[in-house]
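Colleague: I'm passing along entry-v8.txt; it holds compact mmCIF, C-alpha atoms.
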# COMPACT_ATOMS: atom_id res chain seq x y z
CA MET A 1 94.76 382.85 257.01
CA THR A 2 97.92 381.12 255.86
CA SER A 3 101.47 382.33 255.38
CA PRO A 4 102.64 382.62 251.73
CA ASN A 5 105.86 380.71 252.43
CA GLY A 6 104.34 378.53 255.13
CA LEU A 7 106.52 379.99 257.91
CA ILE A 8 104.92 381.29 261.10
CA CYS A 9 106.66 382.79 264.12
CA PHE A 10 105.08 382.47 267.57
CA THR A 11 106.51 385.20 269.77
CA ASN A 12 106.15 386.34 273.39
CA CYS A 13 105.60 382.76 274.54
CA LEU A 14 106.98 380.25 277.04
CA LEU A 15 108.26 376.88 275.79
CA PRO A 16 108.24 373.83 278.15
CA GLN A 17 111.63 372.14 278.58
CA GLU A 18 112.46 368.54 279.45
CA ASP A 19 113.39 369.47 283.03
CA GLY A 20 109.98 371.08 283.60
CA SER A 21 111.18 374.67 283.27
CA LEU A 22 109.76 377.28 280.89
CA LEU A 23 111.95 379.06 278.36
CA GLN A 24 110.97 382.39 276.84
CA ARG A 25 111.83 382.05 273.17
CA ASP A 26 110.21 382.44 269.78
CA LEU A 27 109.13 379.31 267.93
CA TRP A 28 109.08 378.99 264.14
CA ILE A 29 106.98 376.42 262.29
CA ASP A 30 106.36 375.46 258.67
CA GLU A 31 102.59 375.01 258.50
CA ARG A 32 102.76 373.40 255.06
CA LYS A 33 104.95 370.56 256.29
CA GLY A 34 103.55 370.53 259.82
CA ILE A 35 106.99 370.72 261.45
CA ILE A 36 108.98 372.93 263.84
CA VAL A 37 111.94 374.53 262.08
CA ASP A 38 115.29 375.82 263.30
CA ALA A 39 114.93 379.59 263.28
CA LYS A 40 118.65 380.32 262.90
CA GLU A 41 119.17 377.84 260.08
CA THR A 42 116.03 379.01 258.27
CA PHE A 43 117.04 382.67 258.51
CA TYR A 44 120.81 382.55 258.01
CA VAL A 45 121.19 379.52 255.74
CA HIS A 46 117.95 379.39 253.77
CA LYS A 47 117.48 383.18 253.84
CA LYS A 48 113.83 382.93 254.79
CA ARG A 49 111.78 384.65 257.43
CA PRO A 50 108.19 384.10 258.60
CA GLU A 51 105.48 385.95 256.72
CA ARG A 52 103.27 385.84 259.83
CA THR A 53 104.03 386.55 263.47
CA ILE A 54 101.59 385.63 266.23
CA ASP A 55 101.94 387.24 269.67
CA LEU A 56 100.85 384.75 272.36
CA GLY A 57 100.82 387.31 275.14
CA GLY A 58 103.21 385.46 277.45
CA ASN A 59 101.23 382.19 277.41
CA ILE A 60 102.71 378.69 277.33
CA LEU A 61 103.05 377.12 273.90
CA SER A 62 103.11 373.33 274.21
CA PRO A 63 103.06 370.57 271.58
CA GLY A 64 99.94 368.42 271.41
CA LEU A 65 99.98 364.80 272.49
CA ILE A 66 100.10 362.02 269.89
CA ASP A 67 98.22 358.86 270.89
CA ILE A 68 99.57 355.88 268.95
CA GLN A 69 97.47 353.20 270.63
CA ILE A 70 93.86 354.09 271.32
CA ASN A 71 90.97 351.69 270.78
CA GLY A 72 88.27 354.31 271.20
CA ALA A 73 86.79 356.96 273.45
CA TYR A 74 83.53 358.66 274.45
CA GLY A 75 81.58 355.45 273.95
CA PHE A 76 82.92 354.84 270.42
CA ASP A 77 84.93 351.69 269.69
CA PHE A 78 87.12 351.57 266.57
CA SER A 79 86.76 347.78 266.50
CA VAL A 80 82.95 347.75 266.42
CA TYR A 81 81.38 348.18 262.98
CA GLU A 82 77.65 348.88 262.73
CA GLY A 83 77.56 350.57 259.33
CA ASP A 84 79.55 353.18 257.40
CA ASP A 85 77.49 356.21 258.44
CA GLU A 86 77.49 355.33 262.13
CA TYR A 87 81.22 354.65 262.01
CA ARG A 88 82.04 357.98 260.33
CA GLN A 89 79.89 359.85 262.83
CA GLY A 90 81.66 358.11 265.70
CA ILE A 91 85.08 359.01 264.32
CA GLN A 92 84.10 362.64 263.85
CA MET A 93 82.62 362.90 267.34
CA MET A 94 85.64 361.31 269.01
CA ALA A 95 88.18 363.34 267.03
CA GLU A 96 86.51 366.58 268.03
CA LYS A 97 86.06 365.77 271.72
CA ILE A 98 89.47 364.28 272.40
CA VAL A 99 91.16 367.63 271.78
CA GLU A 100 90.10 368.62 275.32
CA THR A 101 92.59 366.06 276.68
CA GLY A 102 95.54 367.63 274.84
CA VAL A 103 95.60 364.96 272.12
CA THR A 104 95.98 366.60 268.70
CA SER A 105 96.90 363.55 266.63
CA LEU A 106 96.16 359.84 266.98
CA LEU A 107 96.40 356.42 265.41
CA PRO A 108 93.02 354.67 265.80
CA THR A 109 93.82 351.12 266.91
CA VAL A 110 91.84 348.16 265.62
CA ILE A 111 92.21 344.88 267.48
CA THR A 112 91.97 341.40 265.93
CA GLN A 113 88.93 341.04 263.69
CA GLU A 114 87.40 338.41 261.44
CA ARG A 115 89.50 339.00 258.33
CA SER A 116 86.63 340.26 256.12
CA ILE A 117 85.92 343.10 258.57
CA TYR A 118 89.27 344.77 257.90
CA ARG A 119 88.23 345.64 254.35
CA ARG A 120 85.17 347.47 255.75
CA LEU A 121 86.84 349.25 258.65
CA LEU A 122 90.19 350.34 257.35
CA PRO A 123 89.12 352.55 254.41
CA LEU A 124 87.02 354.50 256.92
CA LEU A 125 90.09 355.19 259.06
CA GLN A 126 92.19 356.94 256.45
CA PRO A 127 93.97 360.16 257.49
CA PHE A 128 91.43 362.78 258.46
CA SER A 129 91.23 366.15 260.18
CA SER A 130 89.06 369.23 260.49
CA PRO A 131 89.72 372.68 262.02
CA GLN A 132 87.99 371.61 265.25
CA SER A 133 89.33 368.06 265.60
CA ALA A 134 92.41 366.04 266.30
CA THR A 135 94.13 364.60 263.24
CA LEU A 136 93.76 360.91 262.42
CA LEU A 137 97.18 359.95 261.05
CA GLY A 138 96.07 356.59 259.69
CA TRP A 139 95.58 353.52 261.80
CA HIS A 140 97.31 350.98 263.98
CA VAL A 141 96.35 347.33 263.54
CA GLU A 142 96.96 345.15 266.60
CA GLY A 143 96.52 341.65 265.21
CA PRO A 144 95.63 339.18 263.83
CA PHE A 145 99.26 337.97 263.51
CA LEU A 146 99.66 337.33 267.25
CA HIS A 147 100.74 334.32 269.31
CA LEU A 148 97.80 332.32 270.64
CA SER A 149 99.21 331.90 274.16
CA LYS A 150 99.73 335.68 274.52
CA ARG A 151 96.50 336.76 272.85
CA GLY A 152 95.14 338.63 275.87
CA ALA A 153 91.59 339.72 275.07
CA HIS A 154 91.97 339.03 271.32
CA ALA A 155 89.60 336.44 269.87
CA PRO A 156 91.44 333.09 269.26
CA PRO A 157 89.40 332.06 266.18
CA PHE A 158 90.56 335.17 264.32
CA LEU A 159 94.33 334.82 264.92
CA LEU A 160 96.38 334.02 261.81
CA THR A 161 99.84 333.01 260.68
CA ALA A 162 101.63 334.75 257.82
CA ASP A 163 102.58 331.70 255.79
CA ARG A 164 103.08 333.84 252.68
CA GLY A 165 105.07 336.56 254.41
CA VAL A 166 104.14 340.11 253.47
CA THR A 167 101.56 338.77 251.01
CA SER A 168 99.55 337.46 253.97
CA PHE A 169 99.48 340.97 255.42
CA GLU A 170 98.33 342.39 252.09
CA GLN A 171 95.61 339.80 251.77
CA VAL A 172 94.22 340.50 255.24
CA TYR A 173 94.52 344.29 255.40
CA GLY A 174 94.23 345.00 251.69
CA GLU A 175 97.26 345.88 249.60
CA GLU A 176 95.75 349.28 248.84
CA ASN A 177 95.78 350.13 252.56
CA LEU A 178 99.52 349.60 253.08
CA VAL A 179 101.72 352.68 252.82
CA GLU A 180 104.57 352.48 250.34
CA LYS A 181 106.51 355.58 251.28
CA LYS A 182 108.48 356.52 254.37
CA ASP A 183 107.31 360.13 254.08
CA TRP A 184 104.11 360.49 256.09
CA LEU A 185 103.30 363.69 254.18
CA LEU A 186 101.80 361.80 251.27
CA PRO A 187 100.32 363.64 248.27
CA GLU A 188 96.58 364.07 248.11
CA LYS A 189 94.61 361.02 247.02
CA GLU A 190 97.31 358.81 248.51
CA ASN A 191 95.82 358.69 252.00
CA VAL A 192 96.51 355.04 252.62
CA GLY A 193 95.68 353.86 256.10
CA ILE A 194 98.21 351.59 257.84
CA ARG A 195 100.92 353.38 259.80
CA MET A 196 101.65 350.80 262.51
CA VAL A 197 101.31 347.04 262.90
CA THR A 198 101.63 345.04 266.14
CA ALA A 199 102.65 341.44 265.42
CA ALA A 200 104.50 338.53 267.05
CA PRO A 201 107.80 337.93 265.19
CA GLU A 202 107.88 334.21 266.08
CA VAL A 203 104.58 333.54 264.28
CA PRO A 204 105.38 331.79 260.96
CA GLY A 205 106.05 334.29 258.18
CA VAL A 206 105.92 337.42 260.33
CA MET A 207 109.67 337.97 260.69
CA ASP A 208 110.15 338.11 256.91
CA ALA A 209 107.35 340.67 256.62
CA PHE A 210 108.95 342.94 259.23
CA SER A 211 111.76 343.99 256.89
CA THR A 212 109.53 344.61 253.88
CA LEU A 213 106.85 346.57 255.72
CA SER A 214 109.38 348.57 257.72
CA ASN A 215 111.18 349.59 254.54
CA ARG A 216 107.84 350.79 253.21
CA GLY A 217 107.50 353.23 256.10
CA ILE A 218 105.23 351.22 258.41
CA ILE A 219 106.15 351.11 262.11
CA MET A 220 106.46 347.47 263.11
CA SER A 221 105.87 346.75 266.79
CA ILE A 222 106.54 343.58 268.78
CA GLY A 223 103.55 342.53 270.85
CA HIS A 224 101.37 339.64 272.05
CA SER A 225 104.46 337.51 271.59
CA THR A 226 106.47 334.68 273.17
CA ALA A 227 109.69 335.78 271.46
CA THR A 228 112.98 334.79 273.08
CA THR A 229 115.81 337.29 273.38
CA ALA A 230 117.34 336.03 270.14
CA VAL A 231 114.05 336.30 268.23
CA ALA A 232 113.23 339.73 269.67
CA THR A 233 116.71 340.97 268.78
CA ALA A 234 116.34 339.62 265.25
CA ALA A 235 112.98 341.38 264.95
CA VAL A 236 114.61 344.71 265.77
CA LYS A 237 117.30 344.02 263.18
CA HIS A 238 114.49 343.29 260.72
CA GLY A 239 112.95 346.68 261.33
CA ALA A 240 110.88 346.56 264.54
CA ARG A 241 110.95 350.00 266.15
CA LEU A 242 108.50 349.59 269.01
CA ILE A 243 107.25 347.24 271.74
CA THR A 244 103.49 347.18 272.35
CA HIS A 245 102.46 347.54 276.03
CA LEU A 246 105.71 346.37 277.63
CA PHE A 247 105.43 343.56 280.23
CA ASN A 248 101.87 342.70 279.14
CA ALA A 249 101.15 339.80 276.76
CA MET A 250 104.79 338.70 276.63
CA PRO A 251 107.18 336.47 278.65
CA GLN A 252 108.16 337.95 281.97
CA PHE A 253 111.75 339.01 282.56
CA HIS A 254 114.13 336.13 283.35
CA HIS A 255 117.80 336.65 284.05
CA ARG A 256 118.92 333.92 281.62
CA ASP A 257 116.61 334.91 278.79
CA PRO A 258 115.07 338.36 279.37
CA SER A 259 113.01 338.02 276.18
CA ILE A 260 111.36 341.14 274.75
CA VAL A 261 111.76 343.12 277.97
CA GLY A 262 115.50 342.55 277.74
CA LEU A 263 115.73 344.70 274.62
CA LEU A 264 115.66 347.74 276.89
CA GLY A 265 118.99 346.68 278.37
CA ALA A 266 120.76 345.92 275.09
CA SER A 267 124.03 347.75 274.55
CA PRO A 268 123.82 350.31 271.74
CA GLY A 269 127.20 349.01 270.57
CA LEU A 270 126.23 345.35 270.72
CA ASN A 271 126.33 343.54 267.41
CA THR A 272 125.42 339.91 268.00
CA PRO A 273 124.92 337.70 264.95
CA GLU A 274 121.34 336.51 264.88
CA HIS A 275 122.32 332.84 264.95
CA VAL A 276 124.67 333.15 267.96
CA PRO A 277 122.98 333.75 271.35
CA LEU A 278 125.07 335.82 273.74
CA ALA A 279 125.33 332.88 276.14
CA ASP A 280 127.15 330.87 273.47
CA VAL A 281 130.14 333.20 273.22
CA PRO A 282 133.22 330.92 273.28
CA CYS A 283 135.12 331.02 276.56
CA GLU A 284 137.64 328.91 278.47
CA ILE A 285 137.81 328.34 282.25
CA ILE A 286 141.38 328.64 283.54
CA PRO A 287 142.85 328.73 287.07
CA LEU A 288 143.17 332.08 288.76
CA LYS A 289 146.67 333.53 288.42
CA PRO A 290 148.42 335.70 291.00
CA GLU A 291 148.42 338.59 288.60
CA VAL A 292 145.02 339.09 286.91
CA ASP A 293 144.86 341.43 283.98
CA GLY A 294 141.78 343.14 282.64
CA SER A 295 140.96 340.27 280.31
CA THR A 296 139.93 337.85 283.06
CA ILE A 297 136.62 337.65 284.88
CA SER A 298 136.09 335.84 288.18
CA SER A 299 133.48 333.06 288.38
CA ASP A 300 131.15 331.92 291.18
CA SER A 301 132.19 328.29 290.75
CA ALA A 302 135.44 326.64 291.95
CA THR A 303 138.14 324.56 290.28
CA SER A 304 139.10 321.10 291.42
CA SER A 305 142.05 322.62 293.30
CA GLY A 306 139.70 324.71 295.34
CA SER A 307 140.85 327.96 293.78
CA PRO A 308 138.16 330.11 292.16
CA PRO A 309 138.44 330.04 288.37
CA VAL A 310 138.26 332.92 286.00
CA VAL A 311 136.71 333.12 282.57
CA GLU A 312 138.88 334.45 279.81
CA ARG A 313 137.47 335.24 276.40
CA LYS A 314 139.86 334.01 273.75
CA GLY A 315 140.27 333.76 270.05
CA SER A 316 137.79 335.00 267.49
CA ARG A 317 135.29 337.69 268.43
CA SER A 318 132.77 336.55 265.84
CA GLY A 319 130.25 335.79 268.59
CA LEU A 320 130.43 339.18 270.30
CA GLN A 321 131.51 342.48 268.83
CA LEU A 322 131.88 345.59 270.93
CA ASP A 323 134.15 347.49 268.57
CA LYS A 324 134.26 351.21 269.06
CA GLY A 325 131.95 352.90 266.61
CA ALA A 326 130.02 349.72 265.76
CA MET A 327 126.67 351.29 266.66
CA THR A 328 124.57 348.78 264.79
CA PHE A 329 121.82 348.03 267.29
CA GLU A 330 119.17 350.62 268.08
CA ARG A 331 116.90 349.80 270.99
CA PRO A 332 113.20 350.06 270.20
CA PHE A 333 110.74 352.46 271.77
CA TYR A 334 108.23 350.88 274.12
CA GLY A 335 104.69 351.66 275.17
CA ILE A 336 103.85 351.02 278.82
CA ILE A 337 100.53 351.10 280.67
CA VAL A 338 100.98 353.16 283.83
CA ASP A 339 97.62 352.68 285.53
CA GLY A 340 99.02 350.86 288.58
CA ILE A 341 97.19 347.66 287.61
CA HIS A 342 98.72 346.40 284.37
CA CYS A 343 102.23 347.33 285.56
CA HIS A 344 103.49 347.75 289.10
CA PRO A 345 105.08 351.19 289.64
CA ASN A 346 108.42 349.51 290.38
CA SER A 347 108.34 347.83 286.96
CA VAL A 348 107.65 351.17 285.32
CA ARG A 349 110.62 352.72 287.13
CA LEU A 350 112.94 349.88 286.08
CA ALA A 351 111.93 350.19 282.44
CA TYR A 352 112.30 353.95 282.45
CA ALA A 353 115.68 353.77 284.18
CA ALA A 354 116.92 351.31 281.55
CA HIS A 355 115.73 353.26 278.51
CA PRO A 356 114.22 356.66 279.36
CA ASN A 357 114.36 358.01 275.82
CA GLY A 358 112.30 355.11 274.51
CA CYS A 359 109.34 355.42 276.90
CA ILE A 360 105.85 356.06 275.51
CA LEU A 361 103.02 356.30 278.02
CA ILE A 362 99.77 354.46 277.31
CA THR A 363 96.63 355.52 279.11
CA ASP A 364 94.29 352.70 280.05
CA GLY A 365 90.65 352.46 281.03
CA LYS A 366 91.51 351.47 284.57
CA ALA A 367 93.00 354.92 285.17
CA VAL A 368 89.47 356.23 285.51
CA TYR A 369 89.10 354.21 288.71
CA VAL A 370 92.63 354.50 290.06
CA PHE A 371 92.93 358.25 289.74
CA GLY A 372 89.27 359.23 289.76
CA LEU A 373 89.60 360.81 286.33
CA LYS A 374 86.82 361.67 283.96
CA PRO A 375 86.47 358.76 281.50
CA VAL A 376 87.83 360.20 278.30
CA ALA A 377 90.36 358.31 276.18
CA TYR A 378 91.06 354.65 276.82
CA HIS A 379 93.61 352.11 275.68
CA CYS A 380 91.37 349.06 275.98
CA SER A 381 88.39 348.41 273.76
CA ALA A 382 85.97 348.01 276.63
CA MET A 383 85.30 351.73 276.92
CA LYS A 384 81.56 351.23 276.46
CA ILE A 385 81.37 349.64 279.89
CA LEU A 386 83.95 351.88 281.56
CA ASP A 387 81.44 354.01 283.38
CA PRO A 388 82.75 355.26 286.77
CA ASN A 389 79.35 354.37 288.22
CA LEU A 390 79.32 350.85 286.75
CA GLY A 391 78.75 348.27 289.43
CA ASP A 392 80.68 345.07 289.93
CA GLY A 393 79.43 342.10 287.93
CA VAL A 394 79.24 340.74 284.40
CA HIS A 395 78.76 343.14 281.47
CA GLU A 396 78.41 342.75 277.70
CA TRP A 397 81.32 343.63 275.43
CA ARG A 398 81.81 342.60 271.77
CA ASP A 399 81.88 339.49 269.58
CA GLY A 400 79.61 337.77 272.07
CA LYS A 401 82.14 338.19 274.88
CA ARG A 402 81.53 339.61 278.32
CA PHE A 403 83.69 341.31 280.92
CA VAL A 404 83.66 340.94 284.67
CA LYS A 405 84.21 344.05 286.78
CA GLU A 406 85.77 343.53 290.20
CA GLY A 407 86.58 346.79 291.90
CA GLU A 408 89.21 348.57 289.82
CA LYS A 409 89.80 345.61 287.49
CA LEU A 410 88.08 344.27 284.39
CA TYR A 411 88.55 340.65 283.29
CA LEU A 412 87.50 338.72 280.23
CA GLU A 413 84.78 336.43 281.56
CA GLY A 414 86.04 332.98 282.51
CA THR A 415 89.71 334.06 282.50
CA ASP A 416 92.19 336.06 284.56
CA THR A 417 92.96 338.20 281.49
CA LEU A 418 92.87 341.93 282.25
CA ALA A 419 91.16 344.15 279.73
CA GLY A 420 93.77 346.05 277.75
CA ARG A 421 96.46 343.45 278.40
Mind converting the file's structure to structure tokens?
Modeller:
Amino acid sequence: MTSPNGLICFTNCLLPQEDGSLLQRDLWIDERKGIIVDAKETFYVHKKRPERTIDLGGNILSPGLIDIQINGAYGFDFSVYEGDDEYRQGIQMMAEKIVETGVTSLLPTVITQERSIYRRLLPLLQPFSSPQSATLLGWHVEGPFLHLSKRGAHAPPFLLTADRGVTSFEQVYGEENLVEKKDWLLPEKENVGIRMVTAAPEVPGVMDAFSTLSNRGIIMSIGHSTATTAVATAAVKHGARLITHLFNAMPQFHHRDPSIVGLLGASPGLNTPEHVPLADVPCEIIPLKPEVDGSTISSDSATSSGSPPVVERKGSRSGLQLDKGAMTFERPFYGIIVDGIHCHPNSVRLAYAAHPNGCILITDGKAVYVFGLKPVAYHCSAMKILDPNLGDGVHEWRDGKRFVKEGEKLYLEGTDTLAGR
């Protein structure tokens, strides 16, 4: 039964708050658009009221989880193609079972493939839902435009450059699979697949494609990359809105060039020209004066006279702009694997402290061992061998590759590369 105007009121319910408390309040939704609406604005401004009211009997009403990076679950791998019928059955099975974990929507994630496989897989992963299943919102492609040295478990022979910019993306994924509208509520028969792309901005041609694809409504994510701070910052300015599995498959944090990780610490009011690194801001070293005003900064080094110098920023501010109201840089969201193996808990705390509003948790297969959980939804594509009872040793995976299990860790055979990294 549907509401004539699409508005439904859930009453006599408890709504979870950010601080962990429960608030007793009605909740209005528009089921046609799939969104929560402001009850006061809808009633007083738009002069509408719900046609249906559902009494929840004092129960908790919580939003479902959205998984934006999941390579498979329940023994089904989105990156393994064994025929259309088998693939559709696997999708249906996984979408129905994963609801038990609280996931109501997801972006199936396909890792780097031989380029001809994309044309077979991606049409099968178009938006899909049924009354008993989670909703497939489209798909997330992780590769093949990744940096070789940060490939992780991705197959080197299949990695590509984007020499023709966005045209390279269209040729690999299929132009018909790339969304062209920012509105995710596309009309029927326009269920194009790609919603998110993970790519390395320093790979030739990728940076130019970021702007075009972002403007077309696709979420561009920085990942499997060696990008410097300047390149990562430029990628955000070109439309990147996300970082794929922070800390993993990227340069580690360094105080002189924090690279991709450093984006979390960027000032929201910082507007650095792409061609001028922050370290190159013009400055002049002058002797320390008896009276130091707020424009001088002490230095660790010493002058020839033995007095500590100060650094005073002078002249043009073309290299660094912190003008009030110049909110031109928006820090990206970031996914982070919190299984205790891919990221140390201290690293997770540092990232969250720097940018709490941007944090997106990624579950990983290793959580099944660390926390003793039932193996349900996994980040890495090795879910077929993630059996809690699986013994240590070498096990088959995909594309002729094998994984080595050592206690709570899985490695790509012959490397120290963690699965899911």
Colleague: Report, in Å to a single decimal, how far apart CA of Leu23 in chain A and CA of Ile68 in chain A are.
Modeller: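 Atom-to-atom, CA of Ile68 in chain A to CA of Leu23 in chain A, that is 27.9 Å.
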Colleague: Could you state the separation of CA of Phe76 in chain A and CA of Leu106 in chain A in Å, given to one decimal place?
Modeller: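 Between CA of Phe76 in chain A and CA of Leu106 in chain A the gap is 14.6 Å.
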Colleague: Have a look at A:Tyr44, A:Phe329, A:Phe403, A:Tyr173 and name the one nearest to Ala153 in chain A; count only C-alpha atoms.
Modeller: A:Phe403
Colleague: Taking into account all atoms listed in the file, which residue in the set A:Gly34, A:Gly358, A:Pro131, A:Gly193 is nearest to Pro108 in chain A?
Modeller: A:Gly193
Colleague: Rank nothing, just name the residue among A:Phe158, A:Leu7, A:Gly217, A:Thr198 nearest to Glu180 in chain A, using only C-alpha atoms.
Modeller: A:Gly217
Colleague: What does the distance between CA of Gln171 in chain A and CA of His245 in chain A come to in Å, to one decimal place?
Modeller: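 We find that CA of Gln171 in chain A and CA of His245 in chain A lie 26.4 Å from each other.
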Colleague: Using only C-alpha atoms, which residues sit within 8 Å of Asp26 in chain A once same-chain residues fewer than 6 positions away are excluded, as a PDB file with C-alpha atoms, in the coordinates of the input?
Modeller:
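To be explicit, this is the file written out as around24.pdb:
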ATOM      1  CA  CYS A   9     106.660 382.790 264.120  1.00  0.00           C
ATOM      2  CA  PHE A  10     105.080 382.470 267.570  1.00  0.00           C
ATOM      3  CA  THR A  11     106.510 385.200 269.770  1.00  0.00           C
ATOM      4  CA  ASN A  12     106.150 386.340 273.390  1.00  0.00           C
ATOM      5  CA  CYS A  13     105.600 382.760 274.540  1.00  0.00           C
TER       6      CYS A  13
END
Colleague: What's around Ile194 in chain A at 8 Å? Count all atoms listed in the file, leave out sequence neighbours fewer than 3 positions away in its own chain, and write the answer as a JSON list (two decimals) with C-alpha atoms, in the frame of the given file.
Modeller:
[["chain", "number", "residue", "atom", "x", "y", "z"],
["A", 138, "GLY", "CA", 96.07, 356.59, 259.69],
["A", 139, "TRP", "CA", 95.58, 353.52, 261.80],
["A", 140, "HIS", "CA", 97.31, 350.98, 263.98],
["A", 141, "VAL", "CA", 96.35, 347.33, 263.54],
["A", 177, "ASN", "CA", 95.78, 350.13, 252.56],
["A", 178, "LEU", "CA", 99.52, 349.60, 253.08],
["A", 179, "VAL", "CA", 101.72, 352.68, 252.82],
["A", 197, "VAL", "CA", 101.31, 347.04, 262.90],
["A", 218, "ILE", "CA", 105.23, 351.22, 258.41]]
Colleague: Between A:Leu125, A:Val110, A:Val236, A:Ala200, single out the one closest to Leu148 in chain A, counting all atoms listed in the file.
Modeller: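 Smallest distance to Leu148 in chain A is found for A:Ala200.
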Colleague: Go through A:Ile243, A:Ala249, A:Ala134, A:Ala209 one by one, measure the shortest atom-to-atom distance of each to Ile360 in chain A using all atoms listed in the file, and give the residue with the smallest value.
Modeller: A:Ile243
Colleague: With distances taken over only C-alpha atoms, which residue among A:Ile66, A:Leu263, A:Ile8, A:Leu22 lies nearest Ala39 in chain A?
Modeller: A:Ile8
